[in-house]
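Raw target-v1.cif, mmCIF, C-alpha atoms and all ligand atoms:
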data_coords
#
loop_
_atom_site.label_atom_id
_atom_site.label_comp_id
_atom_site.auth_asym_id
_atom_site.auth_seq_id
_atom_site.Cartn_x
_atom_site.Cartn_y
_atom_site.Cartn_z
CA MET A 1 128.04 96.38 123.15
CA VAL A 2 129.27 97.15 119.66
CA ASN A 3 132.59 99.00 119.57
CA SER A 4 131.76 102.64 118.84
CA ARG A 5 134.15 104.83 116.91
CA VAL A 6 131.74 107.66 116.24
CA LYS A 7 130.63 110.00 119.00
CA LYS A 8 128.18 112.45 117.51
CA ILE A 9 125.89 111.69 114.59
CA GLY A 10 123.97 114.19 112.47
CA VAL A 11 120.76 113.08 110.77
CA LEU A 12 119.13 114.82 107.82
CA THR A 13 116.43 114.26 105.23
CA SER A 14 117.05 115.46 101.70
CA GLY A 15 115.38 115.37 98.27
CA GLY A 16 111.69 114.60 97.86
CA ASP A 17 109.94 113.85 101.14
CA ALA A 18 108.58 110.33 101.57
CA PRO A 19 106.16 108.85 104.11
CA GLY A 20 108.21 107.04 106.73
CA MET A 21 111.08 109.53 106.87
CA ASN A 22 109.95 110.54 110.36
CA ALA A 23 109.96 106.93 111.50
CA ALA A 24 113.53 106.69 110.19
CA ILE A 25 114.59 109.87 112.05
CA ARG A 26 113.03 108.47 115.22
CA ALA A 27 114.92 105.20 114.81
CA VAL A 28 118.24 106.98 114.24
CA VAL A 29 117.78 109.24 117.27
CA ARG A 30 116.68 106.52 119.66
CA THR A 31 119.33 104.01 118.53
CA CYS A 32 121.98 106.68 119.10
CA ILE A 33 120.70 107.51 122.57
CA TYR A 34 120.42 103.82 123.46
CA HIS A 35 124.10 103.36 122.58
CA GLY A 36 125.25 106.50 124.36
CA LEU A 37 125.94 108.55 121.21
CA GLU A 38 125.06 112.19 120.79
CA VAL A 39 122.71 112.99 117.93
CA VAL A 40 121.73 116.23 116.21
CA GLY A 41 118.98 116.86 113.69
CA ILE A 42 119.97 118.97 110.68
CA ARG A 43 117.22 121.12 109.23
CA GLU A 44 116.37 121.26 105.51
CA GLY A 45 118.83 118.68 104.27
CA TYR A 46 122.23 119.86 103.09
CA ASN A 47 121.11 123.50 103.30
CA GLY A 48 120.99 123.14 107.07
CA LEU A 49 124.45 121.62 107.07
CA ILE A 50 125.75 124.70 105.26
CA GLU A 51 123.75 127.19 107.33
CA GLY A 52 124.56 125.47 110.61
CA HIS A 53 120.97 124.56 111.54
CA PHE A 54 121.80 121.79 114.01
CA THR A 55 119.48 120.83 116.89
CA LYS A 56 120.39 118.46 119.68
CA MET A 57 117.93 115.57 119.70
CA GLY A 58 116.78 113.37 122.56
CA PRO A 59 114.29 110.54 122.81
CA ARG A 60 111.42 112.99 123.39
CA SER A 61 112.32 115.10 120.32
CA VAL A 62 110.94 112.27 118.23
CA SER A 63 107.82 111.46 120.25
CA ASN A 64 104.58 111.07 118.32
CA ILE A 65 106.12 111.27 114.86
CA ILE A 66 106.17 107.61 113.77
CA ASN A 67 102.72 108.04 112.22
CA LEU A 68 103.40 111.37 110.49
CA GLY A 69 104.02 111.90 106.78
CA GLY A 70 106.58 114.42 105.53
CA THR A 71 109.69 115.06 107.60
CA ILE A 72 109.94 117.02 110.85
CA LEU A 73 113.49 118.00 109.83
CA LYS A 74 112.21 119.42 106.53
CA SER A 75 113.85 118.64 103.23
CA ALA A 76 115.44 120.42 100.28
CA ARG A 77 117.23 119.77 97.02
CA SER A 78 120.27 121.90 97.88
CA GLU A 79 121.97 123.76 95.06
CA ALA A 80 124.60 125.23 97.39
CA PHE A 81 125.81 121.76 98.41
CA ARG A 82 126.68 121.05 94.77
CA THR A 83 129.50 123.60 95.06
CA PRO A 84 132.88 122.96 96.78
CA GLU A 85 132.41 126.22 98.73
CA GLY A 86 129.06 125.03 100.08
CA ARG A 87 130.50 121.68 101.12
CA LYS A 88 133.50 123.39 102.78
CA LYS A 89 131.14 125.50 104.87
CA ALA A 90 129.18 122.37 105.75
CA PHE A 91 132.38 120.65 106.87
CA GLU A 92 133.41 123.60 109.02
CA ASN A 93 130.02 123.46 110.74
CA CYS A 94 130.42 119.72 111.36
CA GLN A 95 133.85 120.33 112.89
CA ALA A 96 132.57 123.19 115.05
CA GLN A 97 129.71 121.02 116.31
CA GLY A 98 131.85 117.88 116.73
CA VAL A 99 129.68 115.91 114.29
CA ASP A 100 131.81 113.06 112.96
CA ALA A 101 129.21 111.10 111.01
CA LEU A 102 126.01 111.71 109.06
CA VAL A 103 122.93 109.63 108.39
CA CYS A 104 121.51 110.92 105.10
CA ILE A 105 117.92 109.88 104.41
CA GLY A 106 116.86 110.37 100.79
CA GLY A 107 117.31 109.17 97.22
CA ASP A 108 120.14 109.04 94.71
CA GLY A 109 120.71 112.83 94.69
CA THR A 110 121.10 112.72 98.47
CA PHE A 111 123.57 109.85 98.22
CA THR A 112 125.62 111.56 95.53
CA GLY A 113 126.00 114.58 97.82
CA ALA A 114 126.92 112.34 100.76
CA GLN A 115 129.55 110.48 98.76
CA ILE A 116 131.26 113.61 97.47
CA PHE A 117 131.19 115.20 100.92
CA SER A 118 132.72 112.14 102.53
CA GLU A 119 135.44 111.83 99.89
CA GLU A 120 136.32 115.51 100.10
CA HIS A 121 136.26 115.98 103.86
CA GLY A 122 136.47 112.53 105.46
CA VAL A 123 133.18 112.79 107.36
CA LYS A 124 131.62 109.32 107.72
CA VAL A 125 128.32 108.98 105.88
CA ILE A 126 125.67 106.32 105.65
CA GLY A 127 122.62 106.46 103.40
CA VAL A 128 119.06 105.43 104.21
CA PRO A 129 116.88 104.99 101.09
CA GLY A 130 113.88 107.27 101.44
CA THR A 131 111.98 107.94 98.23
CA ILE A 132 108.59 106.92 96.92
CA ASP A 133 110.17 105.94 93.57
CA ASN A 134 111.73 102.65 94.79
CA ASP A 135 114.57 103.27 92.34
CA ILE A 136 117.53 102.58 94.63
CA PHE A 137 119.80 99.59 94.19
CA GLY A 138 120.74 97.65 97.34
CA THR A 139 117.33 97.43 98.95
CA ASP A 140 114.19 95.58 97.93
CA PHE A 141 112.06 98.56 98.92
CA THR A 142 112.66 102.22 99.69
CA ILE A 143 110.93 104.08 102.52
CA GLY A 144 107.70 105.66 101.27
CA TYR A 145 107.16 103.42 98.28
CA ASP A 146 104.55 101.19 99.90
CA THR A 147 102.53 104.15 101.16
CA ALA A 148 102.69 105.91 97.78
CA LEU A 149 101.62 102.72 96.05
CA ASN A 150 98.60 102.41 98.30
CA THR A 151 97.73 106.08 97.81
CA ALA A 152 97.90 105.62 94.03
CA MET A 153 95.83 102.46 94.25
CA GLU A 154 93.10 104.12 96.30
CA ALA A 155 92.98 107.10 93.95
CA ILE A 156 92.76 104.90 90.85
CA ASP A 157 90.00 102.83 92.49
CA LYS A 158 88.01 106.04 92.84
CA ILE A 159 88.69 107.01 89.24
CA ARG A 160 87.38 103.60 88.19
CA ASP A 161 83.96 104.49 89.61
CA THR A 162 83.66 107.36 87.15
CA ALA A 163 85.27 105.44 84.30
CA THR A 164 82.71 102.68 84.69
CA SER A 165 79.69 104.92 85.27
CA HIS A 166 80.44 107.08 82.22
CA SER A 167 82.04 104.40 80.00
CA ARG A 168 85.19 106.48 79.76
CA VAL A 169 88.85 105.91 79.08
CA PHE A 170 91.12 107.37 81.76
CA PHE A 171 94.83 108.01 81.45
CA VAL A 172 96.27 108.24 84.95
CA GLU A 173 99.81 109.51 85.52
CA VAL A 174 101.69 108.33 88.57
CA MET A 175 105.07 109.46 89.92
CA GLY A 176 108.36 107.63 89.77
CA ARG A 177 110.70 110.02 87.96
CA ASP A 178 112.53 107.60 85.58
CA ALA A 179 111.25 104.43 87.21
CA GLY A 180 108.04 102.47 86.61
CA PHE A 181 107.65 100.65 89.93
CA ILE A 182 104.67 102.68 91.14
CA ALA A 183 102.99 102.51 87.73
CA LEU A 184 103.45 98.77 87.26
CA ASN A 185 102.33 97.75 90.72
CA SER A 186 99.46 100.22 91.09
CA GLY A 187 98.34 99.27 87.58
CA ILE A 188 98.22 95.58 88.44
CA ALA A 189 96.47 96.31 91.73
CA THR A 190 93.75 98.33 90.02
CA GLY A 191 93.26 96.15 86.95
CA ALA A 192 94.52 98.69 84.43
CA VAL A 193 93.98 97.71 80.81
CA ASP A 194 97.48 98.96 79.95
CA ILE A 195 100.52 100.12 81.92
CA LEU A 196 103.19 102.29 80.33
CA ILE A 197 106.58 102.41 82.01
CA PRO A 198 109.97 103.75 80.90
CA GLU A 199 111.70 100.39 81.40
CA GLN A 200 109.64 98.84 78.62
CA HIS A 201 109.67 99.99 75.01
CA ASP A 202 106.03 100.64 74.24
CA SER A 203 104.61 101.73 70.91
CA LEU A 204 101.40 103.59 70.14
CA GLU A 205 100.31 100.71 67.90
CA GLU A 206 100.63 98.25 70.78
CA MET A 207 98.54 100.50 72.98
CA PHE A 208 95.89 100.89 70.27
CA ASP A 209 95.85 97.09 69.85
CA THR A 210 95.21 96.72 73.56
CA PHE A 211 92.24 99.11 73.28
CA LYS A 212 90.87 97.21 70.27
CA LYS A 213 91.12 93.87 72.06
CA ALA A 214 89.47 95.32 75.16
CA GLN A 215 86.64 96.65 73.01
CA LYS A 216 86.18 93.27 71.31
CA ARG A 217 85.92 91.59 74.68
CA GLY A 218 83.11 93.90 75.66
CA LYS A 219 84.92 96.39 77.89
CA ASN A 220 83.34 99.79 77.77
CA SER A 221 85.68 101.60 80.11
CA SER A 222 89.43 101.46 80.58
CA ILE A 223 92.19 102.79 82.75
CA VAL A 224 95.72 103.21 81.45
CA VAL A 225 98.36 103.87 84.09
CA VAL A 226 101.28 105.92 82.78
CA ALA A 227 104.57 106.44 84.60
CA GLU A 228 105.63 110.09 84.56
CA GLY A 229 108.92 109.06 82.93
CA GLU A 230 107.25 107.14 80.08
CA LYS A 231 109.33 107.59 76.94
CA LEU A 232 106.55 107.17 74.37
CA GLY A 233 105.18 110.57 75.25
CA ASN A 234 103.58 112.52 78.05
CA ILE A 235 100.08 111.70 79.20
CA TYR A 236 98.51 114.59 77.24
CA ASP A 237 100.09 113.49 73.95
CA LEU A 238 99.12 109.88 74.57
CA ALA A 239 95.51 110.86 75.23
CA GLN A 240 95.46 113.07 72.13
CA SER A 241 96.81 110.31 69.87
CA THR A 242 94.27 107.89 71.29
CA LYS A 243 91.42 110.32 70.61
CA LYS A 244 92.61 110.66 67.02
CA GLU A 245 92.65 106.87 66.57
CA PHE A 246 89.36 106.30 68.43
CA PRO A 247 87.24 109.45 67.96
CA SER A 248 84.28 107.94 69.80
CA TYR A 249 86.23 107.48 73.04
CA ASP A 250 85.35 109.78 75.93
CA ILE A 251 88.84 110.33 77.32
CA ARG A 252 89.91 111.96 80.58
CA ILE A 253 93.32 112.59 82.12
CA THR A 254 94.28 112.53 85.80
CA VAL A 255 97.73 113.39 87.09
CA LEU A 256 97.97 112.11 90.65
CA GLY A 257 101.03 114.24 91.48
CA HIS A 258 102.12 115.02 95.00
CA ILE A 259 99.24 113.35 96.80
CA GLN A 260 101.44 110.26 96.34
CA ARG A 261 104.16 111.78 98.51
CA GLY A 262 101.97 112.69 101.46
CA GLY A 263 100.02 110.96 104.19
CA SER A 264 100.61 108.74 107.15
CA PRO A 265 103.11 105.97 106.37
CA SER A 266 101.84 102.41 105.98
CA CYS A 267 102.79 99.73 108.49
CA ALA A 268 105.34 98.32 106.02
CA ASP A 269 107.01 101.72 105.64
CA ARG A 270 107.14 102.35 109.39
CA VAL A 271 108.76 98.98 110.02
CA LEU A 272 111.17 99.39 107.10
CA ALA A 273 112.14 102.90 108.27
CA SER A 274 112.67 101.67 111.84
CA ARG A 275 114.92 98.84 110.66
CA LEU A 276 116.94 101.07 108.34
CA GLY A 277 117.33 103.95 110.81
CA TYR A 278 118.55 101.47 113.40
CA GLY A 279 120.76 99.76 110.81
CA ALA A 280 122.36 103.04 109.78
CA VAL A 281 123.53 103.82 113.32
CA ILE A 282 124.76 100.27 113.90
CA GLY A 283 126.66 100.47 110.59
CA LEU A 284 128.40 103.69 111.65
CA MET A 285 129.23 102.19 115.04
CA LYS A 286 130.86 99.27 113.25
CA GLY A 287 133.06 101.72 111.38
CA LEU A 288 131.24 101.57 108.05
CA THR A 289 131.15 104.63 105.84
CA ASN A 290 130.09 105.44 102.30
CA VAL A 291 127.48 102.69 102.34
CA MET A 292 123.71 102.55 102.29
CA ALA A 293 121.65 100.48 104.69
CA GLY A 294 119.04 98.39 102.90
CA ILE A 295 116.82 95.37 103.39
CA ARG A 296 117.22 92.51 100.91
CA SER A 297 115.40 89.22 101.34
CA ASN A 298 114.38 90.43 104.79
CA GLN A 299 118.00 90.92 105.93
CA LEU A 300 119.76 94.17 106.81
CA VAL A 301 122.56 94.68 104.27
CA TYR A 302 125.04 97.44 103.46
CA THR A 303 125.75 98.38 99.85
CA PRO A 304 128.52 100.74 98.69
CA ILE A 305 126.85 104.08 98.15
CA GLU A 306 128.36 104.22 94.66
CA ASP A 307 126.49 101.04 93.67
CA ALA A 308 123.28 102.33 95.24
CA ILE A 309 123.53 105.38 92.97
CA LYS A 310 124.77 103.76 89.78
CA LYS A 311 123.11 100.34 89.65
CA HIS A 312 119.41 99.74 89.14
CA ASN A 313 116.84 97.29 90.37
CA GLU A 314 115.33 95.49 87.39
CA ILE A 315 111.60 95.60 86.75
CA ASN A 316 110.13 92.15 87.33
CA GLN A 317 109.32 90.79 83.87
CA ASP A 318 106.78 88.34 85.32
CA LEU A 319 104.77 91.28 86.60
CA LEU A 320 104.67 92.79 83.12
CA GLN A 321 103.38 89.55 81.69
CA ILE A 322 100.86 89.10 84.49
CA SER A 323 99.54 92.61 83.90
CA GLU A 324 98.91 91.78 80.24
CA ILE A 325 97.29 88.42 80.90
CA LEU A 326 95.01 89.72 83.62
CA ALA A 327 93.85 92.67 81.52
CA LEU A 328 91.95 90.24 79.23
O1 LIG A 401 111.69 111.45 93.72
C1 LIG A 401 110.40 111.62 94.21
C2 LIG A 401 109.57 112.41 93.23
O2 LIG A 401 108.27 112.56 93.77
C3 LIG A 401 109.51 111.85 91.82
O3 LIG A 401 108.59 110.79 91.70
C4 LIG A 401 109.13 113.08 91.05
O4 LIG A 401 109.58 112.98 89.71
C5 LIG A 401 109.87 114.18 91.77
O5 LIG A 401 110.12 113.70 93.08
C6 LIG A 401 109.10 115.49 91.88
O6 LIG A 401 109.93 116.39 92.54
P1 LIG A 401 109.43 117.82 93.08
O7 LIG A 401 108.55 117.58 94.26
O8 LIG A 401 110.71 118.50 93.45
O9 LIG A 401 108.70 118.46 91.96
#

Any chance you could give the structure as C-alpha cells?
Amino acid sequence: MVNSRVKKIGVLTSGGDAPGMNAAIRAVVRTCIYHGLEVVGIREGYNGLIEGHFTKMGPRSVSNIINLGGTILKSARSEAFRTPEGRKKAFENCQAQGVDALVCIGGDGTFTGAQIFSEEHGVKVIGVPGTIDNDIFGTDFTIGYDTALNTAMEAIDKIRDTATSHSRVFFVEVMGRDAGFIALNSGIATGAVDILIPEQHDSLEEMFDTFKKAQKRGKNSSIVVVAEGEKLGNIYDLAQSTKKEFPSYDIRITVLGHIQRGGSPSCADRVLASRLGYGAVIGLMKGLTNVMAGIRSNQLVYTPIEDAIKKHNEINQDLLQISEILAL
C-alpha cells in the first residue's frame, strides 16, 4: 500500500460544468475509501468551502452517477474566494472539519484559486482538468471535451441538412472561450468549408476567397465553424460582412451555446475522468501538492499547477492544413 500522509480529502467541482465531472467525483470518492481515507464532498465549488457545505461521502454516495452530465456537487465561479477573507474562512472550515487536502476539478480559474489557497494556508491541493475547452496544459485532453465535441458535431450535422436543402451559408459558433480546439475538430469532423479560431490569424479576405473557391467548385451550401473567441470578429459581424460581399448568399447564424456543456459523458470522458480522479488521490497519498493530474501519451502524469495555468497546448498545425485541403 502507498504510504498515506493525508487523512481526509475534500473534493469539489468549480467553474463551468463539464460532462464527466461526476465520473471524476466517483473515482475520487471510491479511491479514497479503498485506501482507507475519509472523503467529503464540497458543494458549489469554493463557495461551499467558504460556507462550510461539507458532506461525508461513501461508496454509495456516488452510485449511478458515472453516466450523468453536470456535477452532483454543483459548481460556481466564486467571487468570494478571490478575497483573502473568503480564503481565510475556507481554511478555518477545513481545519474545523479536519480536511487536509483538496481535489479541485475544473479549469484554469479553479487551479488559480487552488494554488493561491495552498500557498496561503498550506492545505494540499491537486487539480483535475475538467472543462470542455481542452485548454489546459499538462494533459492531452480535459474531461468533457470529447463529449462537447461530439455534441457540436451532431448539431452541425443537423444544420447541414438545412444548409444543403436550402442552399444556405451557415455560420456556427462553438464554445471554447479563448481556445479553438472544439471549433477546429468539430469543423473537420463536419466538413466545414472554413474554420475560424483565435490561434490562427484569419482575415476577411481569406474567408471571402474560400467562399469564392467553393462557389467555383460548384458548392451551393457552406458551413463555417467559428470559435467564440475568434479575434476577427463575432459571428454576427462576420455574417454581416459576408452578406455585404456576397449579397446573393442566404446566410443564417447558429450559436450552439450551452448545449455543448450538457449531456451524458462519452466513453472517452468517463474513462479519462476515472483515471484522473484515481490519479489525484494517489498523487496526494504520495505527498504531491500544487500539481495537476493529467494523461499524456496514455500515461498518468503530474504537472505543476502553475504550468497548467500558464502554459498552453499548441493547436496542431497539421489539422489546420488538413481542414483546408479537405474543404476543396
Ligand atoms: O469554460 C467553459 C465555457 O463553457 C467556455 O467555453 C465559455 O466561454 C464559458 O464557459 C461560458 O461560461 P458561463 O457558462 O459562465 O457563461

query = Using only C-alpha atoms, which residue out of A:Ile65, A:Ile182, A:Ile50, A:Cys32 lies closest to Glu79 in chain A?
reply =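 Counting only C-alpha atoms, the residue closest to Glu79 in chain A is A:Ile50.
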
remark   = Counting only C-alpha atoms, the residue among A:Asn47, A:Asn93, A:Ser186, A:Gln321 that lies closest to Gln260 in chain A is A:Ser186

inquiry  = I'd like the interatomic distance between CA of Asp202 in chain A and CA of Val225 in chain A, to a tenth of an Å.
reply    = 12.9 Å

Close residues to ligand LIG 401 (chain A) using all atoms listed in the file, limit 8 Å, as number ranges by chain = A: 15-18, 77, 107, 131-133, 174-178, 228-229, 257-258, 260-261

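The nearest approach to Ala27 in chain A among the residues A:Gly48, A:Pro59, A:Pro265, A:Gly113, with only C-alpha atoms taken into account, belongs to A:Pro59.
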
message = as a PyMOL selection string, please: the residues near Ser248 in chain A (cut-off 12 Å, only C-alpha atoms, same-chain neighbours under 4 positions excluded).
response = chain A and resi 167-169+215+220+242-244
